[in-house]
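K.L.:
Handing over structure.pdb, PDB, C-alpha atoms and all ligand atoms.
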ATOM      1  CA  MET A   1      88.950 148.176 131.162
ATOM      2  CA  ASP A   2      92.120 149.230 129.295
ATOM      3  CA  LEU A   3      93.884 149.724 132.605
ATOM      4  CA  LEU A   4      92.894 146.231 133.725
ATOM      5  CA  HIS A   5      94.302 144.723 130.503
ATOM      6  CA  LYS A   6      97.533 146.723 130.909
ATOM      7  CA  PHE A   7      97.865 145.494 134.478
ATOM      8  CA  LEU A   8      97.198 141.854 133.486
ATOM      9  CA  ASN A   9      99.641 142.133 130.533
ATOM     10  CA  ILE A  10     102.400 143.022 132.988
ATOM     11  CA  VAL A  11     101.677 140.700 135.917
ATOM     12  CA  LEU A  12      99.912 137.630 134.547
ATOM     13  CA  LEU A  13     102.770 136.096 132.561
ATOM     14  CA  PRO A  14     105.378 136.202 135.385
ATOM     15  CA  ILE A  15     102.775 134.954 137.908
ATOM     16  CA  THR A  16     101.759 132.076 135.616
ATOM     17  CA  LEU A  17     105.389 131.089 134.972
ATOM     18  CA  THR A  18     106.204 131.176 138.706
ATOM     19  CA  VAL A  19     103.136 129.094 139.599
ATOM     20  CA  LEU A  20     103.986 126.605 136.834
ATOM     21  CA  LEU A  21     107.572 126.293 138.055
ATOM     22  CA  LEU A  22     106.338 125.493 141.576
ATOM     23  CA  PHE A  23     103.482 123.295 140.426
ATOM     24  CA  MET A  24     105.226 121.220 137.739
ATOM     25  CA  PRO A  25     107.680 119.098 139.818
ATOM     26  CA  PRO A  26     105.027 117.619 142.192
ATOM     27  CA  PHE A  27     102.541 117.367 139.305
ATOM     28  CA  LEU A  28     105.011 115.457 137.088
ATOM     29  CA  PHE A  29     105.844 113.152 139.983
ATOM     30  CA  LEU A  30     102.127 112.393 140.563
ATOM     31  CA  LYS A  31     101.676 111.878 136.827
ATOM     32  CA  PHE A  32     104.522 109.386 136.813
ATOM     33  CA  LEU A  33     102.973 107.437 139.750
ATOM     34  CA  TRP A  34      99.575 107.512 138.042
ATOM     35  CA  SER A  35     100.951 106.226 134.713
ATOM     36  CA  PHE A  36     102.788 103.464 136.581
ATOM     37  CA  LYS A  37      99.509 102.380 138.251
ATOM     38  CA  ARG A  38      97.676 102.467 134.909
ATOM     39  CA  SER A  39     100.345 100.373 133.212
ATOM     40  CA  ILE A  40      99.562  97.620 135.741
ATOM     41  CA  TYR A  41      95.744  97.931 135.846
ATOM     42  CA  ARG A  42      94.851  98.042 132.145
ATOM     43  CA  GLU A  43      91.270  97.761 130.951
ATOM     44  CA  ASN A  44      90.390  94.287 129.740
ATOM     45  CA  VAL A  45      88.294  94.727 126.587
ATOM     46  CA  ALA A  46      87.441  91.034 126.141
ATOM     47  CA  ASP A  47      83.683  90.710 125.498
ATOM     48  CA  LYS A  48      83.215  94.470 125.523
ATOM     49  CA  VAL A  49      81.275  96.060 122.662
ATOM     50  CA  ILE A  50      83.344  98.373 120.482
ATOM     51  CA  LEU A  51      81.896 100.554 117.719
ATOM     52  CA  ILE A  52      84.488 101.768 115.193
ATOM     53  CA  THR A  53      83.579 104.268 112.488
ATOM     54  CA  GLY A  54      85.696 104.224 109.326
ATOM     55  CA  ALA A  55      86.734 100.611 109.926
ATOM     56  CA  SER A  56      86.962  99.632 106.252
ATOM     57  CA  SER A  57      90.586 100.776 105.771
ATOM     58  CA  GLY A  58      93.627 102.469 107.301
ATOM     59  CA  ILE A  59      93.812 103.219 111.017
ATOM     60  CA  GLY A  60      90.201 102.135 111.709
ATOM     61  CA  GLU A  61      90.833  98.731 110.113
ATOM     62  CA  TYR A  62      93.969  98.103 112.212
ATOM     63  CA  VAL A  63      92.318  99.378 115.387
ATOM     64  CA  ALA A  64      89.626  96.737 114.732
ATOM     65  CA  TYR A  65      92.335  94.043 114.515
ATOM     66  CA  GLU A  66      93.918  95.203 117.789
ATOM     67  CA  TYR A  67      90.548  95.015 119.587
ATOM     68  CA  ALA A  68      89.907  91.626 117.954
ATOM     69  CA  LYS A  69      93.216  90.241 119.280
ATOM     70  CA  ARG A  70      92.032  91.244 122.758
ATOM     71  CA  GLY A  71      88.710  89.419 122.354
ATOM     72  CA  ALA A  72      86.341  92.383 121.946
ATOM     73  CA  LEU A  73      82.948  92.241 120.197
ATOM     74  CA  LEU A  74      83.052  94.556 117.193
ATOM     75  CA  ALA A  75      80.634  96.761 115.303
ATOM     76  CA  LEU A  76      82.301  98.101 112.163
ATOM     77  CA  VAL A  77      80.854 101.104 110.337
ATOM     78  CA  ALA A  78      81.782 102.654 106.957
ATOM     79  CA  ARG A  79      80.344 103.088 103.462
ATOM     80  CA  ARG A  80      82.186 100.271 101.591
ATOM     81  CA  GLU A  81      80.404  97.149 102.797
ATOM     82  CA  ASP A  82      82.625  94.691 100.866
ATOM     83  CA  ARG A  83      85.729  96.119 102.557
ATOM     84  CA  LEU A  84      83.983  95.948 105.939
ATOM     85  CA  GLN A  85      83.166  92.267 105.374
ATOM     86  CA  ALA A  86      86.829  91.527 104.656
ATOM     87  CA  VAL A  87      87.888  93.355 107.842
ATOM     88  CA  ALA A  88      85.188  91.474 109.799
ATOM     89  CA  ASP A  89      86.458  88.091 108.509
ATOM     90  CA  ARG A  90      90.027  88.863 109.531
ATOM     91  CA  SER A  91      88.873  90.202 112.926
ATOM     92  CA  ARG A  92      87.055  86.907 113.629
ATOM     93  CA  LYS A  93      90.200  84.983 112.728
ATOM     94  CA  LEU A  94      92.231  87.186 115.069
ATOM     95  CA  GLY A  95      89.969  86.374 118.028
ATOM     96  CA  SER A  96      86.854  88.541 118.054
ATOM     97  CA  PRO A  97      83.910  86.352 119.218
ATOM     98  CA  GLU A  98      81.358  88.407 117.240
ATOM     99  CA  VAL A  99      81.591  91.076 114.530
ATOM    100  CA  VAL A 100      78.758  92.973 112.847
ATOM    101  CA  VAL A 101      79.148  95.355 109.941
ATOM    102  CA  VAL A 102      76.890  98.326 109.273
ATOM    103  CA  ARG A 103      76.997 100.284 106.036
ATOM    104  CA  ALA A 104      76.492 103.942 106.904
ATOM    105  CA  ASP A 105      77.600 107.452 106.055
ATOM    106  CA  VAL A 106      78.589 109.354 109.217
ATOM    107  CA  SER A 107      77.882 112.709 107.557
ATOM    108  CA  LYS A 108      74.149 111.877 107.666
ATOM    109  CA  VAL A 109      72.624 112.441 111.069
ATOM    110  CA  GLU A 110      69.781 109.928 110.607
ATOM    111  CA  GLU A 111      72.237 107.182 109.604
ATOM    112  CA  CYS A 112      74.312 107.809 112.757
ATOM    113  CA  LYS A 113      71.225 107.461 114.953
ATOM    114  CA  GLN A 114      70.276 104.321 113.063
ATOM    115  CA  PHE A 115      73.649 102.550 113.373
ATOM    116  CA  VAL A 116      74.018 103.353 117.075
ATOM    117  CA  ASP A 117      70.463 102.067 117.751
ATOM    118  CA  GLU A 118      71.016  98.978 115.605
ATOM    119  CA  ILE A 119      74.291  98.073 117.332
ATOM    120  CA  VAL A 120      72.968  98.640 120.860
ATOM    121  CA  ASN A 121      69.821  96.619 120.081
ATOM    122  CA  TYR A 122      71.973  93.787 118.758
ATOM    123  CA  PHE A 123      74.604  93.627 121.516
ATOM    124  CA  GLY A 124      72.547  95.148 124.347
ATOM    125  CA  ARG A 125      75.294  97.592 125.319
ATOM    126  CA  LEU A 126      78.122  99.787 124.078
ATOM    127  CA  ASP A 127      81.516 100.138 125.795
ATOM    128  CA  HIS A 128      83.778 102.094 123.429
ATOM    129  CA  LEU A 129      83.014 104.414 120.544
ATOM    130  CA  VAL A 130      86.044 104.901 118.269
ATOM    131  CA  ASN A 131      85.476 108.033 116.173
ATOM    132  CA  ASN A 132      87.847 107.417 113.306
ATOM    133  CA  ALA A 133      85.935 108.002 110.034
ATOM    134  CA  GLY A 134      87.523 110.908 108.213
ATOM    135  CA  VAL A 135      88.905 112.156 104.945
ATOM    136  CA  VAL A 136      91.974 114.271 104.230
ATOM    137  CA  GLN A 137      91.892 116.878 101.497
ATOM    138  CA  ILE A 138      95.302 118.223 100.541
ATOM    139  CA  ARG A 139      95.166 121.455  98.605
ATOM    140  CA  LEU A 140      96.205 125.063  99.097
ATOM    141  CA  PHE A 141      93.326 127.236 100.326
ATOM    142  CA  GLU A 142      93.419 129.615  97.356
ATOM    143  CA  VAL A 143      92.998 126.857  94.756
ATOM    144  CA  PHE A 144      89.653 125.762  96.208
ATOM    145  CA  THR A 145      86.910 126.793  93.809
ATOM    146  CA  GLN A 146      84.022 124.745  95.163
ATOM    147  CA  PHE A 147      83.160 125.464  98.769
ATOM    148  CA  SER A 148      80.819 122.489  98.695
ATOM    149  CA  ASN A 149      83.964 120.278  98.600
ATOM    150  CA  ILE A 150      85.198 121.785 101.871
ATOM    151  CA  ALA A 151      81.723 121.516 103.387
ATOM    152  CA  SER A 152      81.602 117.792 102.634
ATOM    153  CA  VAL A 153      84.922 117.305 104.502
ATOM    154  CA  MET A 154      83.480 119.165 107.502
ATOM    155  CA  ASP A 155      80.309 117.057 107.281
ATOM    156  CA  ILE A 156      82.373 113.869 107.646
ATOM    157  CA  ASN A 157      85.275 114.891 109.908
ATOM    158  CA  PHE A 158      83.436 117.265 112.239
ATOM    159  CA  TRP A 159      79.686 116.596 112.079
ATOM    160  CA  GLY A 160      80.146 112.837 111.658
ATOM    161  CA  LEU A 161      81.974 112.770 114.975
ATOM    162  CA  VAL A 162      79.371 115.020 116.633
ATOM    163  CA  TYR A 163      76.390 112.920 115.457
ATOM    164  CA  SER A 164      77.935 109.542 116.346
ATOM    165  CA  THR A 165      79.023 110.776 119.775
ATOM    166  CA  HIS A 166      75.645 112.386 120.500
ATOM    167  CA  TYR A 167      73.727 109.154 119.953
ATOM    168  CA  ALA A 168      76.319 106.953 121.664
ATOM    169  CA  VAL A 169      76.734 109.006 124.857
ATOM    170  CA  PRO A 170      73.612 107.734 126.731
ATOM    171  CA  HIS A 171      74.754 104.121 126.187
ATOM    172  CA  LEU A 172      78.368 104.901 127.102
ATOM    173  CA  ARG A 173      77.186 106.557 130.333
ATOM    174  CA  LYS A 174      75.342 103.375 131.294
ATOM    175  CA  SER A 175      78.420 101.205 130.704
ATOM    176  CA  LYS A 176      80.883 103.847 132.023
ATOM    177  CA  GLY A 177      82.485 103.471 128.597
ATOM    178  CA  LYS A 178      84.980 105.478 126.597
ATOM    179  CA  ILE A 179      85.067 107.719 123.549
ATOM    180  CA  VAL A 180      88.228 107.423 121.466
ATOM    181  CA  VAL A 181      88.825 110.207 118.960
ATOM    182  CA  ILE A 182      91.410 109.761 116.202
ATOM    183  CA  ALA A 183      92.437 113.338 115.523
ATOM    184  CA  SER A 184      95.396 114.873 113.759
ATOM    185  CA  THR A 185      98.379 116.956 114.846
ATOM    186  CA  ALA A 186      97.348 119.209 111.945
ATOM    187  CA  ALA A 187      94.794 120.642 114.428
ATOM    188  CA  TRP A 188      97.618 122.378 116.297
ATOM    189  CA  LEU A 189     100.387 122.423 113.698
ATOM    190  CA  GLY A 190      98.334 123.978 110.897
ATOM    191  CA  ALA A 191     100.442 122.868 107.913
ATOM    192  CA  PRO A 192      99.883 124.788 104.666
ATOM    193  CA  GLY A 193      97.473 122.952 102.384
ATOM    194  CA  LEU A 194      97.757 120.003 104.744
ATOM    195  CA  SER A 195     100.602 118.899 102.489
ATOM    196  CA  PHE A 196     102.112 117.677 105.725
ATOM    197  CA  TYR A 197     100.299 114.331 105.380
ATOM    198  CA  ASN A 198     101.468 114.040 101.809
ATOM    199  CA  ALA A 199     105.087 114.838 102.485
ATOM    200  CA  GLN A 200     105.230 112.682 105.615
ATOM    201  CA  ALA A 201     104.428 109.596 103.622
ATOM    202  CA  ASN A 202     107.246 110.350 101.228
ATOM    203  CA  TRP A 203     110.247 111.312 103.252
ATOM    204  CA  ILE A 204     109.689 111.345 106.989
ATOM    205  CA  PRO A 205     109.892 107.825 108.435
ATOM    206  CA  THR A 206     106.561 107.540 110.266
ATOM    207  CA  GLU A 207     104.993 104.631 112.033
ATOM    208  CA  THR A 208     103.133 101.768 110.374
ATOM    209  CA  THR A 209      99.326 101.748 110.591
ATOM    210  CA  GLU A 210      99.603  98.580 112.663
ATOM    211  CA  GLY A 211     102.035 100.195 115.137
ATOM    212  CA  CYS A 212      99.823 103.244 115.371
ATOM    213  CA  ALA A 213      96.706 101.117 116.042
ATOM    214  CA  LYS A 214      98.533  99.174 118.770
ATOM    215  CA  ALA A 215      99.631 102.408 120.454
ATOM    216  CA  ILE A 216      96.013 103.669 120.327
ATOM    217  CA  LEU A 217      94.719 100.506 122.024
ATOM    218  CA  ASP A 218      97.461 100.439 124.681
ATOM    219  CA  SER A 219      96.743 104.061 125.487
ATOM    220  CA  THR A 220      92.942 103.556 125.552
ATOM    221  CA  CYS A 221      93.186 100.531 127.843
ATOM    222  CA  SER A 222      95.550 102.428 130.152
ATOM    223  CA  GLY A 223      92.978 105.233 130.422
ATOM    224  CA  ASP A 224      95.207 107.968 128.928
ATOM    225  CA  MET A 225      93.398 111.186 128.042
ATOM    226  CA  TYR A 226      95.717 112.034 125.149
ATOM    227  CA  LEU A 227      98.123 110.198 122.907
ATOM    228  CA  THR A 228     100.357 111.745 120.249
ATOM    229  CA  GLU A 229     101.751 109.092 117.939
ATOM    230  CA  PRO A 230     104.611 109.139 117.093
ATOM    231  CA  SER A 231     105.395 111.149 120.216
ATOM    232  CA  TRP A 232     108.222 113.170 118.619
ATOM    233  CA  MET A 233     105.487 115.158 116.844
ATOM    234  CA  LYS A 234     104.981 116.976 120.173
ATOM    235  CA  ALA A 235     108.262 118.811 119.520
ATOM    236  CA  GLY A 236     106.422 120.747 116.787
ATOM    237  CA  PHE A 237     103.938 122.051 119.345
ATOM    238  CA  TRP A 238     106.701 123.469 121.563
ATOM    239  CA  VAL A 239     108.574 125.028 118.650
ATOM    240  CA  LYS A 240     105.339 126.645 117.478
ATOM    241  CA  THR A 241     104.527 127.940 120.972
ATOM    242  CA  VAL A 242     107.979 129.310 121.750
ATOM    243  CA  CYS A 243     108.989 130.691 118.334
ATOM    244  CA  PRO A 244     105.965 130.681 115.957
ATOM    245  CA  GLU A 245     107.796 132.788 113.329
ATOM    246  CA  VAL A 246     110.544 130.176 112.872
ATOM    247  CA  PHE A 247     107.950 127.419 112.715
ATOM    248  CA  GLU A 248     105.854 129.238 110.076
ATOM    249  CA  TRP A 249     108.956 130.056 108.019
ATOM    250  CA  CYS A 250     110.092 126.410 107.989
ATOM    251  CA  PHE A 251     106.658 125.093 107.058
ATOM    252  CA  HIS A 252     106.187 127.703 104.383
ATOM    253  CA  SER A 253     109.593 126.960 102.856
ATOM    254  CA  LEU A 254     109.000 123.223 102.928
ATOM    255  CA  PHE A 255     105.406 122.979 101.811
ATOM    256  CA  VAL A 256     104.504 126.092  99.843
ATOM    257  CA  ASN A 257     107.617 127.318  98.051
ATOM    258  CA  TRP A 258     109.262 124.041  97.130
ATOM    259  CA  PRO A 259     108.696 122.375  93.759
ATOM    260  CA  TRP A 260     107.180 119.171  95.168
ATOM    261  CA  THR A 261     104.090 121.034  96.411
ATOM    262  CA  SER A 262     101.166 120.689  94.029
ATOM    263  CA  LYS A 263      99.610 124.074  93.220
ATOM    264  CA  ASP A 264      96.349 122.633  91.870
TER     265      ASP A 264
HETATM  266  N1  LIG B 301      96.885 108.671 108.050
HETATM  267  C1  LIG B 301      97.409 109.599 108.819
HETATM  268  O1  LIG B 301      98.598 109.913 108.752
HETATM  269  C2  LIG B 301      96.521 110.294 109.836
HETATM  270  C3  LIG B 301      97.123 111.161 110.720
HETATM  271  C4  LIG B 301      96.350 111.793 111.674
HETATM  272  C5  LIG B 301      94.993 111.550 111.725
HETATM  273  N2  LIG B 301      94.410 110.731 110.844
HETATM  274  C6  LIG B 301      92.969 110.533 110.968
HETATM  275  O2  LIG B 301      92.704 109.158 111.124
HETATM  276  C7  LIG B 301      91.466 108.831 110.533
HETATM  277  C8  LIG B 301      91.640 107.671 109.573
HETATM  278  O3  LIG B 301      92.582 108.033 108.607
HETATM  279  P1  LIG B 301      93.246 106.983 107.613
HETATM  280  O4  LIG B 301      94.542 107.550 107.231
HETATM  281  O5  LIG B 301      93.181 105.634 108.203
HETATM  282  O6  LIG B 301      92.278 107.142 106.357
HETATM  283  P2  LIG B 301      91.627 106.065 105.366
HETATM  284  O7  LIG B 301      92.485 104.882 105.189
HETATM  285  O8  LIG B 301      91.215 106.839 104.166
HETATM  286  O9  LIG B 301      90.324 105.610 106.154
HETATM  287  C9  LIG B 301      89.252 106.468 106.337
HETATM  288  C10 LIG B 301      88.083 105.654 106.812
HETATM  289  O10 LIG B 301      86.985 106.553 107.027
HETATM  290  C11 LIG B 301      85.858 106.010 106.340
HETATM  291  N3  LIG B 301      84.972 107.095 105.907
HETATM  292  C12 LIG B 301      85.284 108.155 105.128
HETATM  293  N4  LIG B 301      84.183 108.895 104.923
HETATM  294  C13 LIG B 301      83.163 108.280 105.595
HETATM  295  C14 LIG B 301      81.781 108.559 105.747
HETATM  296  N5  LIG B 301      81.204 109.633 105.185
HETATM  297  N6  LIG B 301      81.028 107.721 106.498
HETATM  298  C15 LIG B 301      81.585 106.612 107.070
HETATM  299  N7  LIG B 301      82.886 106.305 106.953
HETATM  300  C16 LIG B 301      83.664 107.127 106.216
HETATM  301  C17 LIG B 301      86.433 105.249 105.154
HETATM  302  O11 LIG B 301      85.543 104.211 104.758
HETATM  303  P3  LIG B 301      84.558 104.274 103.494
HETATM  304  O12 LIG B 301      85.259 105.015 102.395
HETATM  305  O13 LIG B 301      84.331 102.816 103.189
HETATM  306  O14 LIG B 301      83.318 104.944 103.972
HETATM  307  C18 LIG B 301      87.659 104.619 105.787
HETATM  308  O15 LIG B 301      87.316 103.432 106.450
HETATM  309  C19 LIG B 301      90.958 110.096 109.836
HETATM  310  O16 LIG B 301      90.002 110.690 110.679
HETATM  311  C20 LIG B 301      92.206 110.942 109.719
HETATM  312  O17 LIG B 301      91.888 112.327 109.760
HETATM  313  C21 LIG B 301      95.149 110.087 109.900
END
Any chance you could give the structure as structure tokens?
P.N.:
Amino acid sequence: MDLLHKFLNIVLLPITLTVLLLFMPPFLFLKFLWSFKRSIYRENVADKVILITGASSGIGEYVAYEYAKRGALLALVARREDRLQAVADRSRKLGSPEVVVVRADVSKVEECKQFVDEIVNYFGRLDHLVNNAGVVQIRLFEVFTQFSNIASVMDINFWGLVYSTHYAVPHLRKSKGKIVVIASTAAWLGAPGLSFYNAQANWIPTETTEGCAKAILDSTCSGDMYLTEPSWMKAGFWVKTVCPEVFEWCFHSLFVNWPWTSKD
């Protein structure tokens, strides 16, 4: 076994790099042709049924408005019903023919089953599920004292997505629909204490929520598998892959050692 690993350690990297070098030019060309075709034949979401979790504020709210402008029927889910009603009113004004709001907590499996059933019974179908509900907790790992706090974040961000998707999949299969997942670059950039979000808002010029929601819709209707918004964030991935030590040093200096980082 050891011998096999030694052999693979020596040969696999050069073979992979050579294959990639040969494969990338035709692949990139095909990708370009494919993206050109998709920019012409975009999905028309008018009268399609769109379920958005976490639609009472932030990205989910603005994604609702983008769908509304394109004439989609909306089902908005979150815990603050008054906020949902306000988003529903504005969505109707922007062009959505029908909007329903459902008060639910995505961290509770039975509530996820209930809202998916309720929405499908009401509209008779489901075309897109937008998994957006989530919370961000910004704190250094060592200052956590209550593990139940971390568990509740996992219950919303991870299990909430799993439950909603599980119950929506049979309906999405019938309609040949789509699942849109609003994730974070923190999944592959691993910023200390997630202070990244915090700091971004203060001194890195990022996109508006509206601009971000529009990019999400354009990408969804074009059938893209992935979207990184703003796209310059991808540079972080390459720096981390090619020279992880430099990346870690920069992040550590910026977000752990500097005075603006909260230590509690
Ligand atoms: N903002 C960013 O820079 C950024 C970057 C990358 C990824 N994201 C991701 O984008 C998503 C939205 O972020 P945001 O910045 O727009 O946050 P936000 O403004 O705080 O919105 C979060 C939404 O999730 C809902 N929500 C939270 N817990 C819920 C629960 N248990 N059940 C149902 N709904 C729940 C909230 O509604 P209620 O409180 O009314 O339930 C709210 O509508 C999150 O998943 C976040 O991780 C954000």
K.L.:
Run the PyMOL selection byres (((not hetatm)) within 6 of (chain B and resi 301)) mentally over the shown coordinates, then write out the matched residues as an MDAnalysis selection string, using the chain letters and numbers from the document.
P.N.:
chainID A and resid 53:60 78:80 104:107 132:136 156 182:184 197
K.L.:
Name the residues that the PyMOL selection byres (((chain A and resi 102) around 12) and not hetatm) pulls out of this structure, and write them as number ranges by chain.
P.N.:
A: 51-56, 74-85, 88, 99-101, 103-106, 111-112, 114-119, 122
K.L.:
Do you know which residues the PyMOL selection byres (((chain A and resi 168-172) around 8) and not hetatm) returns on this file, as a ChimeraX atom specification?
P.N.:
/A:116,120,125-129,164-167,173-178
K.L.:
In terms of the shortest atom-to-atom distance over only C-alpha atoms, which of A:Thr16, A:Ala151, A:Leu161, A:Pro230 is closest to Lys214 of chain A?
P.N.:
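Going through A:Thr16, A:Ala151, A:Leu161, A:Pro230 one by one, the smallest distance to Lys214 of chain A is for A:Pro230.
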K.L.:
Mind giving me the straight-line distance from atom CA of Thr209 of chain A to atom CA of Arg38 of chain A in Å, one decimal?
P.N.:
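Computing the Euclidean distance for atom CA of Thr209 of chain A and atom CA of Arg38 of chain A yields 24.4 Å.
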K.L.:
Go through A:Val239, A:Gln137, A:Phe27, A:Glu43 one by one, measure the shortest atom-to-atom distance of each to Ile150 of chain A using all atoms listed in the file, and give the residue with the smallest value.
P.N.:
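The shortest atom-to-atom distance to Ile150 of chain A comes from A:Gln137.
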K.L.:
My list of candidates is A:Ala72, A:Val181, A:Leu8, A:Ile138. Which is closest to Phe158 of chain A when distances are computed with only C-alpha atoms?
P.N.:
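When distances to Phe158 of chain A are compared using only C-alpha atoms, the smallest one comes from A:Val181.
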K.L.:
Quote the spacing between atom CA of Asn131 of chain A and atom CA of Gly160 of chain A in Å to one decimal place.
P.N.:
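Interatomic distance here is 8.5 Å.
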K.L.:
Counting all atoms listed in the file, which of A:Leu227, A:Val109, A:Glu66, A:Lys37 gets nearest to Ser91 of chain A?
P.N.:
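The shortest atom-to-atom distance to Ser91 of chain A comes from A:Glu66.
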